[in-house]
file data_23.txt (compact mmCIF, C-alpha atoms)
# COMPACT_ATOMS: atom_id res chain seq x y z
CA MET A 99 -35.31 -3.06 -11.54
CA SER A 100 -34.35 -5.45 -8.70
CA LEU A 101 -34.82 -2.73 -6.07
CA LEU A 102 -38.58 -2.56 -6.66
CA ASN A 103 -39.82 -4.54 -3.67
CA ALA A 104 -43.62 -4.80 -3.74
CA ASP A 105 -43.74 -4.94 0.05
CA ILE A 106 -42.72 -1.28 0.49
CA ASN A 107 -44.25 1.94 -0.81
CA TRP A 108 -42.67 3.78 -3.71
CA THR A 109 -42.87 7.31 -5.05
CA ARG A 110 -41.02 9.41 -7.64
CA VAL A 111 -37.91 11.52 -7.17
CA GLY A 112 -39.95 14.41 -8.61
CA ASP A 113 -42.49 14.12 -5.79
CA CYS A 114 -39.78 14.89 -3.23
CA TYR A 115 -37.15 16.86 -5.18
CA ALA A 116 -37.07 19.63 -7.76
CA VAL A 117 -34.53 20.87 -10.27
CA THR A 118 -32.94 24.04 -8.92
CA LYS A 119 -33.53 27.10 -11.08
CA LYS A 120 -31.97 30.54 -10.92
CA PRO A 121 -34.38 32.88 -9.06
CA ARG A 122 -35.88 35.70 -11.04
CA GLY A 123 -34.33 39.00 -10.18
CA LEU A 124 -30.98 37.57 -9.05
CA ASP A 125 -28.33 39.90 -10.46
CA VAL A 126 -24.98 38.10 -10.38
CA ARG A 127 -23.20 41.22 -11.63
CA ASN A 128 -23.23 42.50 -8.07
CA VAL A 129 -21.06 39.55 -6.93
CA SER A 130 -17.29 39.91 -7.14
CA ALA A 131 -16.55 36.19 -7.62
CA ILE A 132 -18.81 33.17 -8.18
CA PRO A 133 -17.87 29.54 -7.35
CA PHE A 134 -17.72 27.48 -10.55
CA ALA A 135 -17.47 23.67 -10.79
CA ALA A 136 -16.31 22.19 -14.09
CA MET A 137 -17.02 18.52 -14.90
CA GLU A 138 -13.54 17.46 -13.82
CA ALA A 139 -14.27 19.07 -10.43
CA ILE A 140 -17.27 16.77 -9.81
CA PRO A 141 -16.11 13.83 -7.66
CA GLN A 142 -16.68 10.21 -8.55
CA GLY A 143 -17.51 7.21 -6.39
CA GLY A 144 -19.06 8.70 -3.26
CA ALA A 145 -17.16 11.82 -2.19
CA TYR A 146 -19.48 14.76 -1.54
CA GLU A 147 -17.79 18.03 -2.28
CA PRO A 148 -16.80 19.29 -5.73
CA THR A 149 -13.84 21.62 -6.07
CA PHE A 150 -14.54 25.20 -7.07
CA THR A 151 -12.84 27.88 -9.07
CA LEU A 152 -13.82 31.43 -8.23
CA LYS A 153 -14.70 33.34 -11.39
CA GLU A 154 -15.80 36.86 -12.07
CA PRO A 155 -19.40 36.98 -13.35
CA HIS A 156 -18.40 38.12 -16.85
CA ALA A 157 -16.08 35.08 -17.14
CA ILE A 158 -19.02 32.65 -16.88
CA SER A 159 -20.56 32.56 -20.34
CA SER A 160 -22.70 29.47 -19.65
CA GLY A 161 -23.40 27.17 -16.76
CA THR A 162 -25.93 25.50 -14.50
CA TYR A 163 -27.13 27.50 -11.49
CA PHE A 164 -27.13 25.62 -8.19
CA GLU A 165 -27.38 26.40 -4.48
CA ARG A 166 -25.78 25.19 -1.29
CA GLY A 167 -27.35 21.85 -0.32
CA ASP A 168 -27.97 20.71 -3.90
CA ILE A 169 -27.08 17.34 -5.38
CA LEU A 170 -25.24 17.83 -8.69
CA ILE A 171 -25.78 14.83 -10.97
CA SER A 172 -23.76 14.51 -14.14
CA LYS A 173 -26.04 13.80 -17.08
CA ILE A 174 -23.69 13.06 -19.98
CA THR A 175 -22.18 9.69 -20.86
CA PRO A 176 -19.89 8.26 -19.49
CA SER A 177 -19.82 10.61 -16.50
CA PHE A 178 -23.25 9.50 -15.30
CA GLU A 179 -22.45 5.80 -15.61
CA ASN A 180 -19.18 6.36 -13.72
CA GLY A 181 -20.98 7.88 -10.75
CA LYS A 182 -19.80 11.49 -11.07
CA GLN A 183 -21.99 13.49 -8.71
CA ALA A 184 -21.63 15.90 -5.81
CA LEU A 185 -23.48 17.03 -2.70
CA VAL A 186 -22.70 20.70 -2.12
CA ARG A 187 -22.51 21.23 1.61
CA THR A 188 -19.92 24.01 1.78
CA LEU A 189 -19.87 27.00 -0.55
CA PRO A 190 -18.45 30.52 -0.25
CA LEU A 191 -21.78 31.92 -1.47
CA ALA A 192 -25.33 30.70 -1.23
CA PHE A 193 -25.15 29.76 -4.92
CA GLY A 194 -22.71 28.89 -7.67
CA TYR A 195 -22.49 27.70 -11.26
CA ALA A 196 -21.44 24.33 -12.63
CA THR A 197 -20.90 22.76 -16.03
CA THR A 198 -24.04 22.60 -18.17
CA GLU A 199 -23.70 18.80 -18.05
CA VAL A 200 -25.13 18.46 -14.53
CA ILE A 201 -28.66 18.46 -13.12
CA PRO A 202 -29.03 20.15 -9.70
CA LEU A 203 -31.65 18.67 -7.37
CA ARG A 204 -32.86 19.89 -3.99
CA PRO A 205 -35.64 18.70 -1.63
CA SER A 206 -39.05 20.16 -2.44
CA ILE A 207 -40.80 18.88 0.70
CA GLU A 208 -39.81 18.72 4.37
CA GLY A 209 -38.06 15.70 5.83
CA GLN A 210 -35.92 14.68 2.87
CA ASP A 211 -32.26 13.89 3.56
CA PRO A 212 -30.39 14.60 0.32
CA ARG A 213 -27.57 12.33 1.45
CA LEU A 214 -29.83 9.31 1.03
CA LEU A 215 -30.80 10.23 -2.53
CA PHE A 216 -27.11 10.90 -3.23
CA PHE A 217 -26.24 7.36 -2.12
CA TYR A 218 -29.29 5.87 -3.84
CA LEU A 219 -28.06 7.24 -7.17
CA LEU A 220 -24.81 5.31 -6.69
CA HIS A 221 -26.63 1.96 -6.74
CA PRO A 222 -25.60 0.00 -9.91
CA ASP A 223 -29.23 -0.94 -10.67
CA ILE A 224 -30.26 2.72 -10.55
CA ARG A 225 -27.39 3.73 -12.81
CA HIS A 226 -28.35 1.01 -15.27
CA PHE A 227 -32.06 1.90 -15.13
CA VAL A 228 -31.37 5.56 -15.92
CA THR A 229 -28.64 4.83 -18.49
CA GLU A 230 -31.11 2.78 -20.55
CA ARG A 231 -33.28 5.90 -20.80
CA MET A 232 -30.59 8.33 -21.91
CA GLU A 233 -31.21 10.21 -25.15
CA GLY A 234 -29.03 11.59 -27.92
CA SER A 235 -26.44 10.40 -30.40
CA THR A 236 -23.99 7.63 -29.56
CA GLY A 237 -21.17 8.89 -27.38
CA ARG A 238 -23.04 12.10 -26.49
CA GLN A 239 -26.10 10.70 -24.76
CA ARG A 240 -27.61 12.57 -21.84
CA VAL A 241 -30.04 11.94 -19.00
CA PRO A 242 -33.25 13.96 -19.53
CA GLU A 243 -34.46 15.78 -16.42
CA GLY A 244 -37.81 13.99 -16.74
CA VAL A 245 -36.16 10.57 -16.49
CA LEU A 246 -34.44 11.57 -13.28
CA LEU A 247 -37.60 13.07 -11.80
CA ASP A 248 -39.63 9.95 -12.70
CA LEU A 249 -37.11 7.62 -11.06
CA PRO A 250 -38.82 5.41 -8.43
CA VAL A 251 -37.66 5.88 -4.83
CA PRO A 252 -38.89 4.13 -1.67
CA VAL A 253 -41.04 6.08 0.76
CA ILE A 254 -38.96 6.32 3.95
CA PRO A 255 -39.86 8.30 7.10
CA PRO A 256 -37.56 11.30 7.73
CA LYS A 257 -36.08 9.82 10.91
CA ASP A 258 -35.17 6.59 9.11
CA GLN A 259 -33.74 8.54 6.17
CA THR A 260 -31.33 10.30 8.49
CA ALA A 261 -30.32 7.07 10.24
CA MET A 262 -29.78 5.27 6.93
CA ALA A 263 -27.76 8.15 5.51
CA ASP A 264 -25.65 8.22 8.69
CA ALA A 265 -24.90 4.50 8.34
CA LEU A 266 -23.97 4.75 4.67
CA GLU A 267 -21.94 7.88 5.33
CA THR A 268 -19.96 6.01 8.01
CA ILE A 269 -18.95 3.34 5.51
CA GLN A 270 -18.08 5.94 2.88
CA ALA A 271 -15.91 7.73 5.44
CA ALA A 272 -14.09 4.45 6.08
CA VAL A 273 -13.64 3.96 2.31
CA ALA A 274 -12.23 7.48 2.01
CA ALA A 275 -9.88 6.85 4.94
CA GLU A 276 -8.53 3.68 3.31
CA ARG A 277 -8.16 5.48 -0.02
CA SER A 278 -6.22 8.26 1.71
CA ALA A 279 -4.06 5.77 3.62
CA GLU A 280 -3.32 3.94 0.38
CA ALA A 281 -2.32 7.19 -1.34
CA THR A 282 -0.08 8.05 1.62
CA ALA A 283 1.58 4.63 1.44
CA GLN A 284 2.06 5.05 -2.33
CA GLU A 285 3.78 8.39 -1.78
CA LEU A 286 5.92 6.88 0.97
CA LYS A 287 6.96 4.14 -1.44
CA ARG A 288 7.87 6.68 -4.13
CA ALA A 289 9.93 8.63 -1.60
CA ALA A 290 11.63 5.44 -0.41
CA MET A 291 12.51 4.50 -3.98
CA ARG A 292 14.02 7.93 -4.62
CA GLU A 293 16.09 7.62 -1.44
CA LEU A 294 17.16 4.01 -1.94
CA PHE A 295 18.22 4.38 -5.58
CA THR A 296 20.10 7.59 -4.78
CA ARG A 297 21.69 6.88 -1.39
CA GLY A 298 21.49 3.11 -0.95
CA LEU A 299 21.44 1.59 2.53
CA ARG A 300 25.02 1.97 3.75
CA GLY A 301 25.22 5.73 4.31
CA GLU A 302 28.24 5.99 2.04
CA ALA A 303 29.36 8.98 -0.01
CA GLN A 304 27.73 9.59 -3.37
CA LYS A 305 29.08 10.14 -6.85
CA GLU A 306 27.64 11.83 -9.93
CA THR A 307 26.79 9.53 -12.86
CA GLU A 308 24.91 9.70 -16.14
CA ILE A 309 21.67 8.98 -14.24
CA GLY A 310 22.41 11.31 -11.31
CA LEU A 311 23.74 10.62 -7.83
CA VAL A 312 24.34 7.03 -6.68
CA PRO A 313 26.37 5.55 -3.79
CA GLU A 314 30.10 5.60 -4.43
CA SER A 315 30.48 1.81 -4.43
CA TRP A 316 27.74 1.30 -7.04
CA GLU A 317 28.25 0.99 -10.77
CA VAL A 318 25.98 2.30 -13.48
CA VAL A 319 26.00 -0.34 -16.20
CA GLU A 320 24.04 -1.10 -19.33
CA PHE A 321 21.18 -3.51 -18.83
CA LYS A 322 22.77 -6.01 -21.25
CA SER A 323 25.52 -6.64 -18.70
CA VAL A 324 23.08 -8.00 -16.10
CA ARG A 325 20.88 -10.18 -18.31
CA GLU A 326 21.52 -13.54 -19.90
CA TRP A 327 19.14 -13.03 -22.81
CA LEU A 328 16.11 -11.14 -24.11
CA GLN A 329 13.25 -12.58 -26.13
CA TYR A 330 10.03 -11.45 -27.83
CA GLY A 331 6.86 -13.38 -27.01
CA THR A 332 4.59 -15.56 -29.09
CA SER A 333 2.22 -14.10 -31.67
CA ILE A 334 -0.16 -17.07 -31.51
CA HIS A 335 -3.87 -16.15 -31.50
CA CYS A 336 -5.33 -16.26 -27.97
CA SER A 337 -8.89 -16.50 -26.70
CA ILE A 338 -10.77 -16.38 -23.42
CA GLU A 339 -11.68 -20.06 -23.80
CA LYS A 340 -9.65 -22.27 -21.47
CA ARG A 341 -6.93 -24.08 -23.41
CA ARG A 342 -3.64 -25.82 -22.73
CA TYR A 343 -1.50 -22.72 -22.06
CA THR A 344 -2.08 -19.40 -20.34
CA VAL A 345 -0.64 -16.42 -22.23
CA LEU A 346 0.31 -13.28 -20.31
CA ARG A 347 -0.33 -10.01 -22.13
CA ILE A 348 0.09 -6.26 -21.51
CA PRO A 349 -2.92 -6.08 -19.09
CA ASN A 350 -1.26 -8.75 -16.94
CA VAL A 351 1.92 -6.70 -16.40
CA GLU A 352 1.92 -4.39 -13.39
CA PRO A 353 5.00 -2.78 -11.87
CA GLY A 354 6.82 -5.61 -10.13
CA ARG A 355 4.08 -8.23 -10.34
CA VAL A 356 1.93 -10.32 -12.63
CA ASN A 357 -1.79 -9.59 -12.44
CA ALA A 358 -3.48 -12.95 -13.04
CA ALA A 359 -6.87 -11.44 -13.90
CA ASP A 360 -8.24 -11.20 -17.46
CA LEU A 361 -6.23 -14.16 -18.73
CA LYS A 362 -6.24 -15.57 -22.25
CA TYR A 363 -5.23 -18.97 -23.52
CA CYS A 364 -3.83 -20.81 -26.54
CA ASP A 365 -2.92 -24.24 -27.85
CA LEU A 366 0.61 -24.93 -29.05
CA THR A 367 2.71 -28.00 -29.57
CA ALA A 368 4.93 -28.81 -26.61
CA ASP A 369 8.08 -28.00 -28.60
CA GLU A 370 6.77 -24.59 -29.69
CA ALA A 371 5.41 -23.73 -26.24
CA ALA A 372 8.76 -24.60 -24.63
CA LYS A 373 10.28 -21.55 -26.33
CA TYR A 374 7.97 -19.23 -24.38
CA VAL A 375 7.33 -20.96 -21.05
CA LEU A 376 8.18 -18.58 -18.23
CA GLN A 377 10.45 -19.48 -15.33
CA ASN A 378 10.50 -18.03 -11.84
CA GLY A 379 12.39 -14.75 -11.83
CA ASP A 380 11.79 -13.90 -15.49
CA LEU A 381 11.15 -10.21 -16.12
CA LEU A 382 8.40 -9.15 -18.53
CA PHE A 383 8.82 -5.72 -20.14
CA ILE A 384 5.98 -3.96 -21.96
CA ARG A 385 7.41 -3.01 -25.33
CA THR A 386 4.58 -1.01 -26.90
CA ASN A 387 1.95 1.25 -25.34
CA GLY A 388 0.07 4.47 -25.90
CA VAL A 389 0.87 5.61 -22.36
CA LEU A 390 4.53 6.53 -22.17
CA GLU A 391 4.69 5.95 -18.41
CA ARG A 392 3.56 2.33 -18.90
CA LEU A 393 6.28 1.61 -21.40
CA GLY A 394 9.04 -0.44 -19.87
CA SER A 395 6.94 -1.51 -16.89
CA CYS A 396 8.19 -4.91 -15.91
CA ALA A 397 6.64 -7.68 -13.85
CA VAL A 398 8.49 -10.48 -12.12
CA TYR A 399 7.01 -13.88 -12.93
CA GLN A 400 6.85 -15.97 -9.75
CA GLY A 401 5.09 -19.12 -10.90
CA GLU A 402 1.50 -17.91 -11.10
CA PRO A 403 -0.31 -18.73 -13.28
CA SER A 404 1.62 -21.93 -13.79
CA ASP A 405 3.10 -22.93 -17.16
CA ALA A 406 2.41 -19.46 -18.54
CA LEU A 407 3.65 -18.18 -21.89
CA PHE A 408 4.02 -14.51 -22.86
CA ALA A 409 2.65 -12.58 -25.84
CA SER A 410 4.52 -10.73 -28.57
CA TYR A 411 3.94 -7.24 -27.13
CA LEU A 412 6.12 -8.27 -24.19
CA ILE A 413 9.86 -8.90 -23.94
CA ARG A 414 11.22 -11.49 -21.54
CA ALA A 415 14.52 -10.84 -19.75
CA ARG A 416 16.36 -13.70 -18.04
CA LEU A 417 18.82 -12.19 -15.54
CA LYS A 418 22.19 -13.32 -14.29
CA PRO A 419 22.21 -14.99 -10.84
CA SER A 420 23.97 -11.99 -9.29
CA VAL A 421 20.98 -9.71 -9.95
CA GLU A 422 17.67 -9.83 -8.06
CA PRO A 423 14.74 -9.55 -10.52
CA ARG A 424 12.53 -7.65 -8.05
CA TYR A 425 15.27 -5.06 -7.55
CA VAL A 426 15.34 -4.49 -11.31
CA ALA A 427 11.54 -4.22 -11.48
CA TYR A 428 11.47 -1.73 -8.60
CA PHE A 429 14.15 0.42 -10.20
CA TYR A 430 12.41 0.69 -13.58
CA ALA A 431 9.12 1.46 -11.77
CA SER A 432 10.76 4.36 -9.90
CA ASP A 433 10.57 7.94 -11.12
CA ARG A 434 14.17 7.76 -12.28
CA GLY A 435 13.74 4.41 -14.03
CA THR A 436 10.51 5.45 -15.75
CA SER A 437 12.20 8.62 -17.00
CA LEU A 438 15.12 6.64 -18.43
CA VAL A 439 12.82 4.29 -20.33
CA ALA A 440 10.60 7.12 -21.61
CA GLY A 441 13.62 9.01 -22.86
CA ARG A 442 14.63 6.11 -25.08
CA ALA A 443 11.21 5.13 -26.40
CA THR A 444 10.52 5.45 -30.12
CA PRO A 445 7.25 7.16 -31.12
CA ALA A 446 5.22 5.40 -33.82
CA ALA A 447 2.79 6.73 -36.42
CA ASP A 448 -0.19 5.24 -34.56
CA GLY A 449 0.49 7.39 -31.50
CA LYS A 450 2.08 4.58 -29.50
CA TYR A 451 5.63 4.32 -28.18
CA ASN A 452 7.89 1.35 -28.70
CA LEU A 453 10.87 -0.40 -27.14
CA ASN A 454 12.96 -3.13 -28.68
CA THR A 455 15.60 -5.47 -27.31
CA GLY A 456 18.38 -3.10 -28.35
CA THR A 457 16.78 -0.21 -26.46
CA ILE A 458 16.31 -2.32 -23.34
CA ASP A 459 19.91 -3.54 -23.54
CA SER A 460 21.16 0.05 -23.64
CA LEU A 461 19.18 1.20 -20.59
CA PRO A 462 21.39 2.47 -17.73
CA PHE A 463 21.07 0.42 -14.57
CA PRO A 464 22.43 1.20 -11.06
CA LEU A 465 24.09 -1.91 -9.65
CA PRO A 466 25.04 -2.32 -5.98
CA PRO A 467 28.20 -4.40 -5.49
CA ALA A 468 26.46 -7.14 -3.46
CA LEU A 469 23.28 -9.13 -3.99
CA GLU A 470 22.54 -8.76 -0.27
CA GLU A 471 22.04 -5.00 -0.61
CA GLN A 472 19.62 -5.53 -3.49
CA LEU A 473 17.66 -8.01 -1.36
CA GLU A 474 17.55 -5.64 1.63
CA MET A 475 16.17 -2.85 -0.56
CA VAL A 476 13.60 -5.23 -2.02
CA ALA A 477 12.51 -6.24 1.49
CA ILE A 478 11.83 -2.58 2.38
CA LEU A 479 9.82 -1.96 -0.78
CA ASP A 480 7.99 -5.29 -0.46
CA ALA A 481 6.82 -4.22 3.01
CA LEU A 482 5.47 -0.97 1.60
CA ASP A 483 3.74 -2.89 -1.21
CA ARG A 484 2.08 -5.14 1.36
CA LYS A 485 0.84 -2.06 3.19
CA ILE A 486 -0.56 -0.62 -0.03
CA ALA A 487 -2.22 -3.94 -0.88
CA LEU A 488 -3.77 -4.16 2.59
CA HIS A 489 -5.37 -0.72 2.30
CA ARG A 490 -6.57 -1.57 -1.21
CA GLN A 491 -8.13 -4.84 -0.01
CA LYS A 492 -9.81 -3.16 2.96
CA ARG A 493 -11.21 -0.47 0.67
CA ALA A 494 -12.59 -3.13 -1.70
CA VAL A 495 -14.32 -4.91 1.20
CA LEU A 496 -15.83 -1.65 2.44
CA GLU A 497 -17.05 -0.71 -1.05
CA GLU A 498 -18.72 -4.10 -1.35
CA LEU A 499 -20.28 -3.63 2.11
CA PHE A 500 -21.59 -0.21 1.06
CA GLN A 501 -23.31 -1.57 -2.05
CA SER A 502 -24.77 -4.53 -0.18
CA LEU A 503 -26.05 -2.40 2.70
CA LEU A 504 -27.47 0.23 0.33
CA HIS A 505 -29.40 -2.44 -1.54
CA LYS A 506 -30.75 -4.10 1.60
CA LEU A 507 -31.76 -0.81 3.22
CA MET A 508 -33.58 0.40 0.11
CA THR A 509 -35.43 -2.89 -0.35
CA GLY A 510 -36.33 -3.20 3.32
CA ASP A 511 -34.32 -6.43 3.77
CA ILE A 512 -32.48 -4.75 6.67
CA ARG A 513 -33.89 -2.22 9.11
CA VAL A 514 -31.62 0.60 10.11
CA GLY A 515 -32.28 -0.14 13.79
CA ASP A 516 -30.59 -3.52 13.34
CA LEU A 517 -27.26 -1.98 12.30
CA ASP A 518 -24.20 -1.71 14.49
CA LEU A 519 -21.36 0.16 12.77
CA SER A 520 -19.60 1.17 15.97
CA ALA A 521 -16.50 -0.81 14.98
CA LEU A 522 -16.12 1.33 11.86
CA ARG A 523 -16.69 4.57 13.75
CA GLU A 524 -14.02 3.60 16.27
CA SER A 525 -11.51 2.45 13.64
CA PRO A 526 -8.08 4.13 13.87
CA ALA A 527 -8.28 4.66 10.11
CA LEU A 528 -11.01 7.25 10.73
CA GLU A 529 -8.98 9.32 13.16
CA PRO A 530 -8.07 12.72 11.67
CA GLU A 531 -4.33 12.25 11.87
CA ALA A 532 -4.60 9.09 9.73
CA THR A 533 -6.42 10.80 6.88
CA GLU A 534 -4.49 14.01 6.45

call {"tool": "encode", "arguments": {"input": "data_23.txt", "output": "structure tokens"}}
result
Amino acid sequence: MSLLNADINWTRVGDCYAVTKKPRGLDVRNVSAIPFAAMEAIPQGGAYEPTFTLKEPHAISSGTYFERGDILISKITPSFENGKQALVRTLPLAFGYATTEVIPLRPSIEGQDPRLLFFYLLHPDIRHFVTERMEGSTGRQRVPEGVLLDLPVPVIPPKDQTAMADALETIQAAVAAERSAEATAQELKRAAMRELFTRGLRGEAQKETEIGLVPESWEVVEFKSVREWLQYGTSIHCSIEKRRYTVLRIPNVEPGRVNAADLKYCDLTADEAAKYVLQNGDLLFIRTNGVLERLGSCAVYQGEPSDALFASYLIRARLKPSVEPRYVAYFYASDRGTSLVAGRATPAADGKYNLNTGTIDSLPFPLPPALEEQLEMVAILDALDRKIALHRQKRAVLEELFQSLLHKLMTGDIRVGDLDLSALRESPALEPEATE
């Protein structure tokens, strides 16, 4: 384990912490309602508090007893690997019950800051170390209590534990603030899409159509009237080995944009490849998926990656010059557009849903009378997308900082006295009004 620095002292989790057990003589029948945390209520990725459901004692047939201040560590795969754990700091009672698939730990000696152990257990090396020691059948493996108690931890003075936990907590608060700001921007975008595709930008009267209210000057047309042609992609075998052509697949299609990660490649003759080479402004529809909401998602190809082809589970739409591709992509990513596509999808025997060119051609489509209005709406939604992307990028940087700082603190490469996180503490993103 890369954390095991020989220059610092190490001990075991079990020398500092103990598994919480229900006290003898505790009669829960005298309690009117007990907080209960199911597995889905255990947070993932660094948030402390689980959510609770209050249950009458007779309604809890099984569960793990825990107390306020405990760390709840999920022990079953894949919950443990995914970092599902909680630090119970607020609780209506002094105790509660959780799913049987958690291990509750609490300090057994003075001076231990449970926040630091909570963060320590989020380190990828620690997760990997413990995962390798899970027991049980494939798919139902669990972390034995003994493995957790035998886990090596560095010996850190209480004062330094608190300072380190404070520093890591500051970064996690910044991560949470960016996550909240991103969610707020996403909701603002959804609201803007509902407003734009219902009222437009001109403040004109509305009319009722087959897809609901639209501005009076708009038409609702079939998709076939705004496209030049539709085409299925290539079924050539692809691989991760770099070859002549990049082939975009379902994982590369996100609402409105091409995700150029996880690319695959193929070799084709120039004549054959020419049939599938994408041009700027081409729309790529997903035509088969097990998630109904993903069906019909369309990305606008804008030249990256260059000379890309598209695979057979996608359908390419080449639009007429009077229609802005990004406007089309935004509409079919909206609540209304997604509902229209889902309502026309064909279920298959394998549990997936399918679209074909005929279905896409028949999709209703709200068309403003002028290209300029489409472009203005796209500009508004592009600005919101940039805001979402900014919060996402800032969160990714903070998460990387957290992991790097956690590693360096635990290995002694950085001393907590050397840290200055005042810029994060003073960030506007951490002000209460920005995170509500």

call {"tool": "atom_distance", "arguments": {"input": "data_23.txt", "atom1": "CA of Leu390 (chain A)", "atom2": "CA of Val476 (chain A)"}}
result
25.0 Å

call {"tool": "residues_around", "arguments": {"input": "data_23.txt", "residues": "region 443-454 of chain A", "least_positions_apart": "5", "cutoff": "8 Å", "atoms": "all atoms listed in the file", "output": "list in words"}}
result
Ile384, Arg385, Thr386, Asn387, Gly388, Val389, Leu390, Leu393 and Gly394 of chain A

call {"tool": "atom_distance", "arguments": {"input": "data_23.txt", "atom1": "CA of Pro121 (chain A)", "atom2": "CA of Leu219 (chain A)"}}
result
26.5 Å

call {"tool": "closest_residue", "arguments": {"input": "data_23.txt", "among": "A:Leu496, A:Leu517, A:Cys364, A:Cys396", "to": "Asp264 (chain A)", "atoms": "only C-alpha atoms"}}
result
A:Leu517

call {"tool": "residues_around", "arguments": {"input": "data_23.txt", "residues": "Thr188 (chain A)", "least_positions_apart": "2", "cutoff": "7 Å", "atoms": "all atoms listed in the file", "output": "list in words"}}
result
Arg166, Val186 and Pro190 of chain A
